[in-house]
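Data from model-v6.cif: mmCIF, C-alpha atoms
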data_protein
#
loop_
_atom_site.label_atom_id
_atom_site.label_comp_id
_atom_site.auth_asym_id
_atom_site.auth_seq_id
_atom_site.Cartn_x
_atom_site.Cartn_y
_atom_site.Cartn_z
CA MET M 1 -19.89 6.60 28.36
CA ARG M 2 -16.66 5.92 30.26
CA LYS M 3 -15.51 3.61 27.47
CA LEU M 4 -16.40 6.30 24.92
CA GLY M 5 -14.29 8.80 26.83
CA GLN M 6 -11.36 6.40 26.85
CA THR M 7 -11.73 5.89 23.10
CA ILE M 8 -11.77 9.65 22.44
CA ALA M 9 -8.70 10.15 24.64
CA ALA M 10 -6.84 7.39 22.82
CA LEU M 11 -7.71 8.86 19.41
CA ALA M 12 -6.57 12.29 20.54
CA ARG M 13 -3.29 10.85 21.81
CA HIS M 14 -2.70 8.99 18.55
CA ARG M 15 -3.52 12.12 16.55
CA ARG M 16 -0.95 14.17 18.49
CA HIS M 17 1.64 11.47 17.85
CA TRP M 18 0.84 11.34 14.12
CA SER M 19 0.74 15.13 13.75
CA THR M 20 4.15 15.46 15.43
CA LEU M 21 5.65 12.89 13.09
CA LEU M 22 4.29 14.74 10.03
CA GLN M 23 5.01 18.28 11.23
CA SER M 24 8.39 18.45 9.51
CA THR M 25 6.84 17.54 6.15
CA THR M 26 3.95 20.00 5.97
CA ALA M 27 5.96 22.53 4.00
CA LYS M 28 8.07 20.06 2.04
CA HIS M 29 6.61 17.13 0.14
CA GLY M 30 9.77 15.27 -0.72
CA PRO M 31 12.46 16.31 -3.22
CA ALA M 32 11.87 19.33 -5.40
CA GLY M 33 10.82 18.78 -8.98
CA ALA M 34 7.83 19.20 -11.23
CA ALA M 35 5.71 16.28 -12.40
CA THR M 36 6.72 16.85 -16.02
CA HIS M 37 8.52 13.51 -16.22
CA LEU M 38 5.22 11.70 -15.59
CA THR M 39 2.18 11.65 -17.86
CA GLU M 40 -1.27 12.08 -16.36
CA LEU M 41 -4.14 10.07 -17.85
CA THR M 42 -7.88 10.41 -17.34
CA GLY M 43 -10.85 8.39 -18.54
CA PHE M 44 -9.49 5.09 -17.25
CA GLY M 45 -12.79 3.94 -15.76
CA SER M 46 -15.48 4.93 -13.29
CA ASN M 47 -12.74 5.83 -10.74
CA PRO M 48 -14.89 5.43 -7.61
CA GLY M 49 -11.89 6.24 -5.41
CA ALA M 50 -11.40 9.64 -7.13
CA LEU M 51 -7.64 9.09 -7.59
CA ARG M 52 -5.28 10.57 -10.19
CA MET M 53 -3.32 8.40 -12.65
CA PHE M 54 0.25 8.99 -13.82
CA THR M 55 2.52 6.80 -15.94
CA TYR M 56 6.14 6.67 -16.98
CA VAL M 57 7.12 4.86 -20.17
CA PRO M 58 10.84 4.47 -20.92
CA LYS M 59 12.23 5.21 -24.36
CA LYS M 60 12.97 1.55 -25.11
CA LEU M 61 10.69 -1.33 -24.18
CA PRO M 62 11.28 -5.05 -24.73
CA ARG M 63 8.73 -7.17 -26.55
CA ALA M 64 7.64 -8.82 -23.28
CA ARG M 65 6.62 -5.78 -21.26
CA ALA M 66 6.29 -5.59 -17.50
CA LEU M 67 4.38 -3.09 -15.34
CA VAL M 68 5.27 -1.86 -11.85
CA VAL M 69 2.56 -0.03 -9.87
CA VAL M 70 4.09 2.38 -7.32
CA LEU M 71 2.07 3.81 -4.40
CA HIS M 72 3.46 6.86 -2.55
CA GLY M 73 3.24 7.49 1.19
CA CYS M 74 1.48 10.20 3.20
CA THR M 75 2.41 13.83 2.43
CA GLN M 76 3.94 12.67 -0.87
CA SER M 77 2.85 12.84 -4.50
CA ALA M 78 3.43 10.43 -7.38
CA ALA M 79 6.19 12.63 -8.82
CA SER M 80 7.97 13.39 -5.54
CA TYR M 81 8.03 9.74 -4.53
CA ASP M 82 9.38 8.66 -7.92
CA LEU M 83 12.10 11.30 -7.84
CA GLY M 84 12.95 10.22 -4.30
CA VAL M 85 13.19 6.46 -4.80
CA GLY M 86 14.38 6.36 -8.41
CA TRP M 87 11.86 4.02 -10.03
CA SER M 88 11.92 5.91 -13.35
CA THR M 89 15.73 5.61 -13.41
CA LEU M 90 15.39 1.83 -13.06
CA ALA M 91 12.61 1.77 -15.68
CA GLU M 92 14.94 3.41 -18.21
CA ARG M 93 17.78 1.08 -17.28
CA TYR M 94 15.81 -2.18 -17.45
CA GLY M 95 12.84 -1.35 -19.69
CA PHE M 96 9.50 -1.60 -17.88
CA VAL M 97 6.42 0.64 -17.58
CA LEU M 98 5.51 2.46 -14.37
CA LEU M 99 2.04 3.34 -13.07
CA PHE M 100 1.67 5.88 -10.26
CA PRO M 101 -1.79 6.21 -8.68
CA GLU M 102 -1.96 9.45 -6.69
CA GLN M 103 -4.11 10.32 -3.69
CA THR M 104 -5.76 13.75 -3.48
CA PRO M 105 -6.21 16.08 -0.47
CA ALA M 106 -9.97 15.92 -1.08
CA ASN M 107 -9.86 12.22 -0.16
CA ASN M 108 -7.31 12.53 2.64
CA PRO M 109 -5.72 15.81 3.84
CA LYS M 110 -2.31 14.17 4.27
CA THR M 111 -2.64 12.41 0.88
CA CYS M 112 -2.56 9.00 2.58
CA PHE M 113 -4.24 6.19 0.71
CA ASN M 114 -7.22 5.10 2.83
CA TRP M 115 -5.82 1.64 3.57
CA PHE M 116 -7.93 1.26 6.74
CA LEU M 117 -11.39 1.59 5.14
CA ALA M 118 -13.28 -1.37 3.71
CA GLY M 119 -14.93 1.00 1.25
CA ASP M 120 -11.50 1.69 -0.27
CA THR M 121 -9.73 -1.66 0.10
CA ALA M 122 -12.35 -4.30 -0.72
CA ARG M 123 -12.46 -5.86 -4.16
CA GLY M 124 -14.65 -3.84 -6.52
CA ARG M 125 -14.80 -0.75 -4.30
CA GLY M 126 -13.30 2.69 -3.86
CA GLU M 127 -9.59 3.34 -4.24
CA ALA M 128 -8.76 -0.33 -4.80
CA LEU M 129 -11.06 -0.48 -7.83
CA SER M 130 -9.67 2.81 -9.16
CA ILE M 131 -6.14 1.36 -9.04
CA ARG M 132 -7.35 -1.84 -10.70
CA GLN M 133 -8.92 0.20 -13.49
CA MET M 134 -5.67 2.12 -13.97
CA ILE M 135 -3.80 -1.17 -14.30
CA GLU M 136 -6.20 -2.40 -16.96
CA LYS M 137 -5.88 0.89 -18.85
CA THR M 138 -2.08 0.63 -18.81
CA ILE M 139 -2.09 -3.02 -19.89
CA GLY M 140 -4.18 -2.14 -22.93
CA ALA M 141 -2.26 1.00 -23.81
CA HIS M 142 1.23 -0.53 -23.68
CA GLY M 143 0.77 -4.22 -24.40
CA ILE M 144 1.77 -5.33 -20.92
CA ASP M 145 2.32 -9.04 -20.30
CA ARG M 146 -0.41 -9.91 -17.77
CA THR M 147 1.93 -12.34 -15.99
CA GLN M 148 4.38 -9.47 -15.37
CA VAL M 149 2.36 -6.99 -13.29
CA PHE M 150 3.87 -5.96 -9.94
CA ILE M 151 3.05 -3.50 -7.16
CA THR M 152 4.95 -1.73 -4.37
CA GLY M 153 4.39 1.12 -1.93
CA LEU M 154 5.56 2.96 1.18
CA SER M 155 3.70 3.33 4.49
CA ALA M 156 0.03 4.03 3.64
CA GLY M 157 1.00 3.10 0.09
CA GLY M 158 2.54 -0.09 1.48
CA ALA M 159 -0.63 -0.92 3.38
CA MET M 160 -2.63 -0.24 0.21
CA THR M 161 -0.20 -2.51 -1.67
CA ALA M 162 -1.10 -5.26 0.81
CA ALA M 163 -4.78 -4.53 0.19
CA MET M 164 -4.37 -4.76 -3.59
CA LEU M 165 -2.49 -8.07 -3.32
CA ALA M 166 -5.32 -9.43 -1.18
CA ALA M 167 -8.26 -8.00 -3.13
CA TYR M 168 -6.85 -8.74 -6.61
CA PRO M 169 -4.28 -11.55 -6.16
CA GLU M 170 -4.84 -12.82 -9.71
CA ALA M 171 -3.64 -9.48 -11.11
CA PHE M 172 -0.12 -9.52 -9.63
CA ALA M 173 2.91 -11.75 -9.97
CA ALA M 174 4.52 -10.19 -6.89
CA GLY M 175 4.40 -7.21 -4.56
CA ALA M 176 6.70 -5.35 -2.17
CA ILE M 177 5.58 -3.58 1.01
CA ILE M 178 7.79 -0.94 2.64
CA ALA M 179 6.99 0.16 6.20
CA GLY M 180 3.42 -1.06 5.69
CA LEU M 181 0.87 -3.17 7.52
CA PRO M 182 -0.81 -6.54 6.98
CA TYR M 183 -4.07 -6.64 5.09
CA GLY M 184 -6.99 -6.49 7.53
CA SER M 185 -5.08 -4.61 10.24
CA ALA M 186 -7.78 -1.97 10.65
CA SER M 187 -11.32 -1.11 9.68
CA ASN M 188 -11.56 2.35 11.24
CA VAL M 189 -9.44 5.27 12.45
CA GLN M 190 -8.86 4.00 15.98
CA GLU M 191 -7.77 0.55 14.77
CA ALA M 192 -5.50 2.21 12.22
CA PHE M 193 -3.64 4.14 14.91
CA GLU M 194 -3.44 1.10 17.18
CA SER M 195 -2.06 -1.02 14.34
CA MET M 196 0.52 1.59 13.37
CA PHE M 197 1.82 2.41 16.84
CA GLN M 198 1.40 -0.96 18.57
CA GLY M 199 0.68 -3.71 16.05
CA ARG M 200 -2.25 -6.10 16.31
CA PRO M 201 -1.42 -9.59 17.57
CA ARG M 202 -2.96 -12.35 15.46
CA SER M 203 -1.94 -15.86 14.56
CA ALA M 204 -0.51 -16.60 11.13
CA LYS M 205 -3.72 -18.40 10.19
CA GLU M 206 -5.86 -15.44 11.27
CA TRP M 207 -3.75 -13.14 9.11
CA GLY M 208 -3.84 -15.58 6.20
CA ASP M 209 -7.60 -16.01 6.43
CA LYS M 210 -8.06 -12.27 5.90
CA VAL M 211 -6.33 -12.57 2.52
CA ARG M 212 -8.18 -15.75 1.54
CA ARG M 213 -11.54 -14.14 2.32
CA ALA M 214 -10.80 -10.99 0.31
CA SER M 215 -11.55 -12.66 -3.04
CA ARG M 216 -12.64 -15.94 -4.59
CA HIS M 217 -9.11 -16.61 -5.77
CA HIS M 218 -7.51 -19.91 -4.73
CA GLY M 219 -4.01 -19.46 -6.11
CA PRO M 220 -1.40 -19.21 -7.35
CA TRP M 221 -0.64 -16.34 -4.98
CA PRO M 222 1.64 -13.33 -5.49
CA ARG M 223 5.16 -13.48 -4.12
CA VAL M 224 5.85 -10.84 -1.46
CA SER M 225 8.86 -8.78 -0.34
CA VAL M 226 8.66 -6.98 3.03
CA TRP M 227 10.92 -4.05 4.06
CA HIS M 228 10.99 -2.33 7.46
CA GLY M 229 13.33 -0.24 9.61
CA ASP M 230 13.93 -1.61 13.09
CA LEU M 231 13.69 1.93 14.56
CA ASP M 232 10.39 2.76 12.88
CA ALA M 233 8.22 4.54 15.45
CA THR M 234 5.43 5.43 12.98
CA VAL M 235 4.58 1.90 11.84
CA LYS M 236 5.99 -0.51 14.40
CA PRO M 237 8.19 -3.35 13.08
CA ALA M 238 5.69 -5.83 14.51
CA ASN M 239 3.66 -5.07 11.39
CA ALA M 240 6.45 -6.48 9.21
CA ASP M 241 6.31 -9.67 11.25
CA GLY M 242 2.55 -9.77 10.67
CA LEU M 243 3.01 -9.34 6.92
CA VAL M 244 5.53 -12.18 6.75
CA ALA M 245 3.26 -14.42 8.81
CA GLN M 246 0.27 -13.49 6.64
CA TRP M 247 1.89 -14.37 3.33
CA ARG M 248 3.77 -17.41 4.59
CA ASP M 249 0.41 -18.79 5.72
CA VAL M 250 -1.24 -17.93 2.41
CA HIS M 251 1.55 -19.76 0.56
CA GLY M 252 1.53 -22.62 3.08
CA ILE M 253 5.22 -22.31 3.92
CA ASP M 254 6.26 -23.70 7.32
CA ALA M 255 9.96 -24.22 6.69
CA ALA M 256 12.62 -22.06 8.32
CA PRO M 257 14.01 -19.26 6.14
CA ALA M 258 17.41 -18.98 4.56
CA GLU M 259 19.30 -16.00 5.97
CA ASP M 260 21.95 -13.78 4.44
CA MET M 261 23.25 -10.20 4.39
CA VAL M 262 22.52 -7.86 1.47
CA ASP M 263 24.41 -4.57 1.30
CA GLY M 264 25.07 -4.92 5.02
CA TYR M 265 21.49 -5.65 6.12
CA PRO M 266 19.88 -8.93 7.22
CA ARG M 267 17.51 -10.66 4.82
CA LYS M 268 15.35 -13.74 5.35
CA VAL M 269 13.86 -15.64 2.45
CA TRP M 270 11.37 -18.49 2.25
CA ARG M 271 11.71 -20.53 -0.93
CA ARG M 272 9.73 -23.17 -2.77
CA ASP M 273 11.12 -25.11 -5.73
CA GLY M 274 14.02 -22.68 -6.02
CA LEU M 275 11.73 -19.64 -6.11
CA ASP M 276 11.94 -16.79 -3.59
CA VAL M 277 8.31 -16.73 -2.45
CA VAL M 278 8.46 -14.49 0.64
CA GLU M 279 11.40 -12.35 1.70
CA SER M 280 11.96 -9.89 4.53
CA TYR M 281 14.57 -7.13 4.90
CA THR M 282 15.28 -5.52 8.28
CA ILE M 283 17.04 -2.19 7.82
CA THR M 284 18.89 -1.77 11.10
CA GLY M 285 19.10 1.76 12.46
CA MET M 286 16.43 3.07 10.05
CA ALA M 287 13.29 4.97 11.06
CA HIS M 288 10.11 5.30 8.98
CA GLY M 289 10.73 5.53 5.26
CA THR M 290 12.06 4.01 2.05
CA PRO M 291 15.74 2.97 2.11
CA LEU M 292 17.90 4.47 -0.66
CA ALA M 293 21.34 4.03 -2.18
CA THR M 294 21.44 7.22 -4.23
CA ASP M 295 25.06 6.84 -5.40
CA THR M 296 24.41 3.55 -7.20
CA HIS M 297 20.70 3.42 -8.06
CA GLY M 298 19.48 7.01 -8.09
CA GLY M 299 16.88 8.80 -6.05
CA THR M 300 17.05 11.78 -3.70
CA ALA M 301 16.96 11.67 0.10
CA GLY M 302 14.25 13.64 1.92
CA PRO M 303 11.43 13.17 4.42
CA PHE M 304 10.63 9.43 4.58
CA LEU M 305 13.26 8.88 1.83
CA LEU M 306 16.29 7.69 3.76
CA GLU M 307 19.87 7.18 2.58
CA THR M 308 20.97 3.84 4.01
CA GLY M 309 23.33 2.41 1.41
CA ILE M 310 20.76 -0.11 0.15
CA SER M 311 18.28 0.63 -2.61
CA SER M 312 14.93 -0.97 -1.88
CA SER M 313 13.75 -0.03 -5.37
CA TYR M 314 16.62 -1.89 -7.04
CA HIS M 315 16.34 -5.00 -4.87
CA ILE M 316 12.55 -5.03 -5.26
CA ALA M 317 12.96 -4.83 -9.05
CA LYS M 318 15.42 -7.72 -8.72
CA PHE M 319 12.88 -9.70 -6.66
CA PHE M 320 10.32 -9.02 -9.38
CA GLY M 321 12.74 -10.45 -11.96
CA LEU M 322 13.17 -7.18 -13.86
CA THR M 323 16.92 -6.57 -13.57
CA GLY M 324 18.32 -9.42 -15.65
CA GLU M 325 19.65 -11.47 -12.74
CA ALA M 326 18.72 -15.14 -12.54
CA ARG M 327 15.29 -15.05 -10.92
CA LEU M 328 12.64 -17.64 -11.68
CA SER M 329 9.43 -16.33 -13.18
CA GLU M 330 6.08 -16.72 -11.47
CA PRO M 331 4.11 -19.71 -12.82
CA VAL M 332 1.52 -19.03 -15.50
CA ARG M 333 -1.58 -17.64 -13.82
CA GLN M 334 -5.15 -18.80 -13.93
CA GLU M 335 -7.46 -17.85 -16.76
CA THR M 336 -9.05 -15.17 -14.55
CA MET M 337 -5.89 -13.14 -14.92
CA ARG M 338 -6.19 -13.14 -18.69
CA THR M 339 -9.72 -11.75 -18.67
CA PRO M 340 -9.68 -7.93 -18.86
CA LEU M 341 -11.62 -6.02 -16.24
CA VAL M 342 -14.60 -4.26 -17.79
CA PRO M 343 -15.38 -1.32 -15.49
CA ASP M 344 -18.99 -1.09 -16.60
CA GLN M 345 -19.56 -4.68 -15.46
CA VAL M 346 -18.34 -4.02 -11.92
CA GLU M 347 -20.83 -3.02 -9.27
CA ILE M 348 -19.70 0.25 -7.69
CA ILE M 349 -20.77 0.57 -4.08
CA PRO M 350 -20.72 4.13 -2.68
CA ASP M 351 -18.42 4.39 0.31
CA GLU M 352 -18.28 6.81 3.21
CA ARG M 353 -15.16 8.98 3.06
CA VAL M 354 -13.52 8.87 6.49
CA GLU M 355 -10.08 10.45 6.61
CA ILE M 356 -7.38 9.39 9.02
CA LEU M 357 -6.97 12.84 10.56
CA ASP M 358 -9.86 15.05 9.45
CA ALA M 359 -13.01 13.04 8.86
CA LYS M 360 -15.75 14.46 6.65
CA THR M 361 -19.11 12.85 7.31
CA ASP M 362 -22.80 13.27 6.76
CA GLU M 363 -23.65 12.46 10.37
CA PRO M 364 -26.89 13.78 11.92
CA LYS M 365 -26.72 17.22 13.46
CA ILE M 366 -25.32 17.26 16.97
CA GLY M 367 -28.04 16.78 19.55
CA ALA M 368 -30.53 15.19 17.14
CA LYS M 369 -32.90 12.57 18.52
CA HIS M 370 -34.93 9.80 16.95
CA ASP M 371 -38.31 8.91 18.46
CA GLY M 372 -37.36 10.58 21.75
CA ALA M 373 -34.20 8.48 22.20
CA ILE M 374 -30.72 9.86 22.60
CA ASP M 375 -28.79 9.75 19.33
CA VAL M 376 -25.60 7.90 20.31
CA MET M 377 -23.93 8.67 16.98
CA ALA M 378 -24.56 12.37 17.53
CA ILE M 379 -22.85 12.14 20.92
CA ILE M 380 -19.86 10.36 19.37
CA THR M 381 -19.72 12.94 16.59
CA LYS M 382 -19.73 15.78 19.11
CA ALA M 383 -16.99 14.14 21.15
CA LEU M 384 -14.80 13.49 18.12
CA THR M 385 -15.31 17.05 16.92
CA SER M 386 -14.34 18.44 20.33
CA ALA M 387 -11.23 16.27 20.32
CA GLY M 388 -10.20 17.67 16.94
CA LEU M 389 -10.60 14.31 15.23
CA MET M 390 -13.56 15.27 13.09
CA LYS M 391 -14.60 18.37 11.23
CA PRO M 392 -17.82 20.02 12.49
CA PRO M 393 -20.89 18.94 10.52
CA ALA M 394 -21.78 21.35 7.73
#
Is it possible to give me this structure as structure tokens?
Amino acid sequence: MRKLGQTIAALARHRRHWSTLLQSTTAKHGPAGAATHLTELTGFGSNPGALRMFTYVPKKLPRARALVVVLHGCTQSAASYDLGVGWSTLAERYGFVLLFPEQTPANNPKTCFNWFLAGDTARGRGEALSIRQMIEKTIGAHGIDRTQVFITGLSAGGAMTAAMLAAYPEAFAAGAIIAGLPYGSASNVQEAFESMFQGRPRSAKEWGDKVRRASRHHGPWPRVSVWHGDLDATVKPANADGLVAQWRDVHGIDAAPAEDMVDGYPRKVWRRDGLDVVESYTITGMAHGTPLATDTHGGTAGPFLLETGISSSYHIAKFFGLTGEARLSEPVRQETMRTPLVPDQVEIIPDERVEILDAKTDEPKIGAKHDGAIDVMAIITKALTSAGLMKPPA
């Protein structure tokens, strides 16, 4: 019981920290603007994660069409994040399709993607499967080149980006994670908070094994770009180190990186055969958020959308090979990538919805007993409810 009390106290402390960080955003969800520039689609599959789907299609598209999947952060929406970071501006400039999955308050009260739940991040389950179904819908609707599908996201969206790259590596040529966490960092609320505020020490092989075990895929693997502010107090920079270690191990890269400065910020890149396989940007002096250069590449500064003089969206698009600069293309992928996902053929496993701040559960009533024994789960439920970490049972 003493250990339980320590756990409850730690969760309460983490909740206070998280609530303080989000307090300034409760009345303002990013830059003003209606979602009229995005198109919402329904009927894209079984949607076990109960997410919304939005797309942006530029006026002119090349014959070889690419797709970028963009995942917003907590307290944000698909439209507000796009207006903030300027992805639709880049899509018009360079000619690629955008897909914006959107979280709902019914799933998570802060609209965070549930990156810390196996039921939402494992292959063929929950939110991860919903996003995969959206991708397949967009590929079919717009004639997307399957070797040119990319994904990026901020914070919880960054952690979900890492989950998608691990669960469906055959679906993506590359991904970019901003202020996110390595795949496998957490499997419950307490571990999520610990990972965010402290980081979880693991060897590169341990991190890499989590990706390798997430699917039956054996390569080639997606290329990965990692972005993080060195003053980030919400998701500690140690998580960026974990992401780099994770994907270097997956790619089997032991060599030292090349280092340079881009728009005044340090960048490390690990290459193979002339290809940028893993790269890492450290945005010095930046807290938690997406770095912007609004004067040159669009976007609007706001909560978690930070003017720094470097546009992560532009440089990520460049890393993806979408801006016209000389970037080598990802090698042709395995035949599994060319086989469309048929939602009706995928087993959908119901998952328990546990939210990072306000959990909704079907736990037994407080004080219930089974065969005369004390119901430990009921005690935990009561303690979590008293701590404000769980809603009272209905």
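Coordinates place CA of Ala256 in chain M at a distance of 27.2 Å from CA of Ser155 in chain M.
Residue nearest Thr300 in chain M within the list M:Asn47, M:Thr234, M:Ser195, M:Ser80: M:Ser80 [criterion: smallest interatomic distance, only C-alpha atoms].
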Checklist entry - What's the 8 Å shell around range 170-178 of chain M, counting all atoms listed in the file, without same-chain residues fewer than 2 positions away, as a ChimeraX atom specification? => result /M:146-155,158-159,161-162,165,168,180,217,219-228,289-290,316,320,330,333-334,336-337
Next on the checklist: Can you spell out as a ChimeraX atom specification the set of residues that the PyMOL selection byres ((chain M and resi 279) around 10) selects in the structure I just provided?
Outcome noted: /M:176,223-227,244,247-248,257-259,267-271,276-278,280-281,319
Next on the checklist: On this structure, the PyMOL selection byres ((chain M and resi 99-105) around 6) would catch which residues? List them as a VMD selection string, sorted by chain and number.
Outcome noted: chain M and resid 51 to 55 69 to 70 78 98 106 to 109 111
Item to check | For Tyr183 in chain M, the nearest of the candidates M:Ser215, M:Ile131, M:Leu243, M:Met196, counting all atoms listed in the file | outcome: M:Leu243
Next on the checklist: Every residue with an atom at most 12 Å from (24.4, 6.2, -7.8) (file coordinates; only C-alpha atoms) is what I'm after, so could you write them as a PyMOL selection string?
Outcome noted: chain M and resi 85-86+89-90+292-300+307+309-311+314
Please dump the current selection as a PDB file, keeping the file's coordinate frame; keep C-alpha atoms.
ATOM      1  CA  VAL M  85      13.190   6.460  -4.800  1.00  0.00           C
ATOM      2  CA  GLY M  86      14.380   6.360  -8.410  1.00  0.00           C
ATOM      3  CA  THR M  89      15.730   5.610 -13.410  1.00  0.00           C
ATOM      4  CA  LEU M  90      15.390   1.830 -13.060  1.00  0.00           C
ATOM      5  CA  LEU M 292      17.900   4.470  -0.660  1.00  0.00           C
ATOM      6  CA  ALA M 293      21.340   4.030  -2.180  1.00  0.00           C
ATOM      7  CA  THR M 294      21.440   7.220  -4.230  1.00  0.00           C
ATOM      8  CA  ASP M 295      25.060   6.840  -5.400  1.00  0.00           C
ATOM      9  CA  THR M 296      24.410   3.550  -7.200  1.00  0.00           C
ATOM     10  CA  HIS M 297      20.700   3.420  -8.060  1.00  0.00           C
ATOM     11  CA  GLY M 298      19.480   7.010  -8.090  1.00  0.00           C
ATOM     12  CA  GLY M 299      16.880   8.800  -6.050  1.00  0.00           C
ATOM     13  CA  THR M 300      17.050  11.780  -3.700  1.00  0.00           C
ATOM     14  CA  GLU M 307      19.870   7.180   2.580  1.00  0.00           C
ATOM     15  CA  GLY M 309      23.330   2.410   1.410  1.00  0.00           C
ATOM     16  CA  ILE M 310      20.760  -0.110   0.150  1.00  0.00           C
ATOM     17  CA  SER M 311      18.280   0.630  -2.610  1.00  0.00           C
ATOM     18  CA  TYR M 314      16.620  -1.890  -7.040  1.00  0.00           C
TER      19      TYR M 314
END
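With all atoms listed in the file as the basis for measurement, M:His288 is the residue among M:Arg132, M:Arg63, M:His288, M:His72 that approaches Gly229 in chain M most closely.
Restricting the calculation to all atoms listed in the file, the smallest distance between Pro291 in chain M and any of M:Ser187, M:Thr36, M:Ser77, M:Ser313 is found for M:Ser313.
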Checklist outcome for this item: Taken to one decimal, the CA of Phe113 in chain M-CA of Asn188 in chain M distance is 13.4 Å
Item to check | Atomic distance CA of Gly208 in chain M - CA of Asp249 in chain M, expressed in Å with one decimal | outcome: 5.3 Å
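Across M:Gly73, M:Gly199, M:Gly84, M:Gly45, the tightest approach to Ser312 in chain M is made by M:Gly84 when counting all atoms listed in the file.
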Checklist entry - Which of these residues is nearest to Ala287 in chain M, using only C-alpha atoms: M:Asp230, M:Asp145, M:Glu206, M:Asp120? => result M:Asp230
Checklist entry - Got a sec: who's within 12 Å of Lys59 in chain M, counting only C-alpha atoms, leaving out chain neighbours fewer than 2 positions off, as a PyMOL selection string? => result chain M and resi 56-57+61-62+88-89+91-97
Item to check | Output check: residues returned by the PyMOL selection byres ((chain M and resi 205) around 12), as a PyMOL selection string | outcome: chain M and resi 201-204+206-213+242-254
Which centre and edge lengths in Å to one decimal define the box along x, y and z that fits every listed atom of range 34-51 of chain M plus 8 Å per side, as JSON?
{"center_x": -3.5, "center_y": 11.6, "center_z": -12.0, "size_x": 40.0, "size_y": 31.3, "size_z": 29.1}
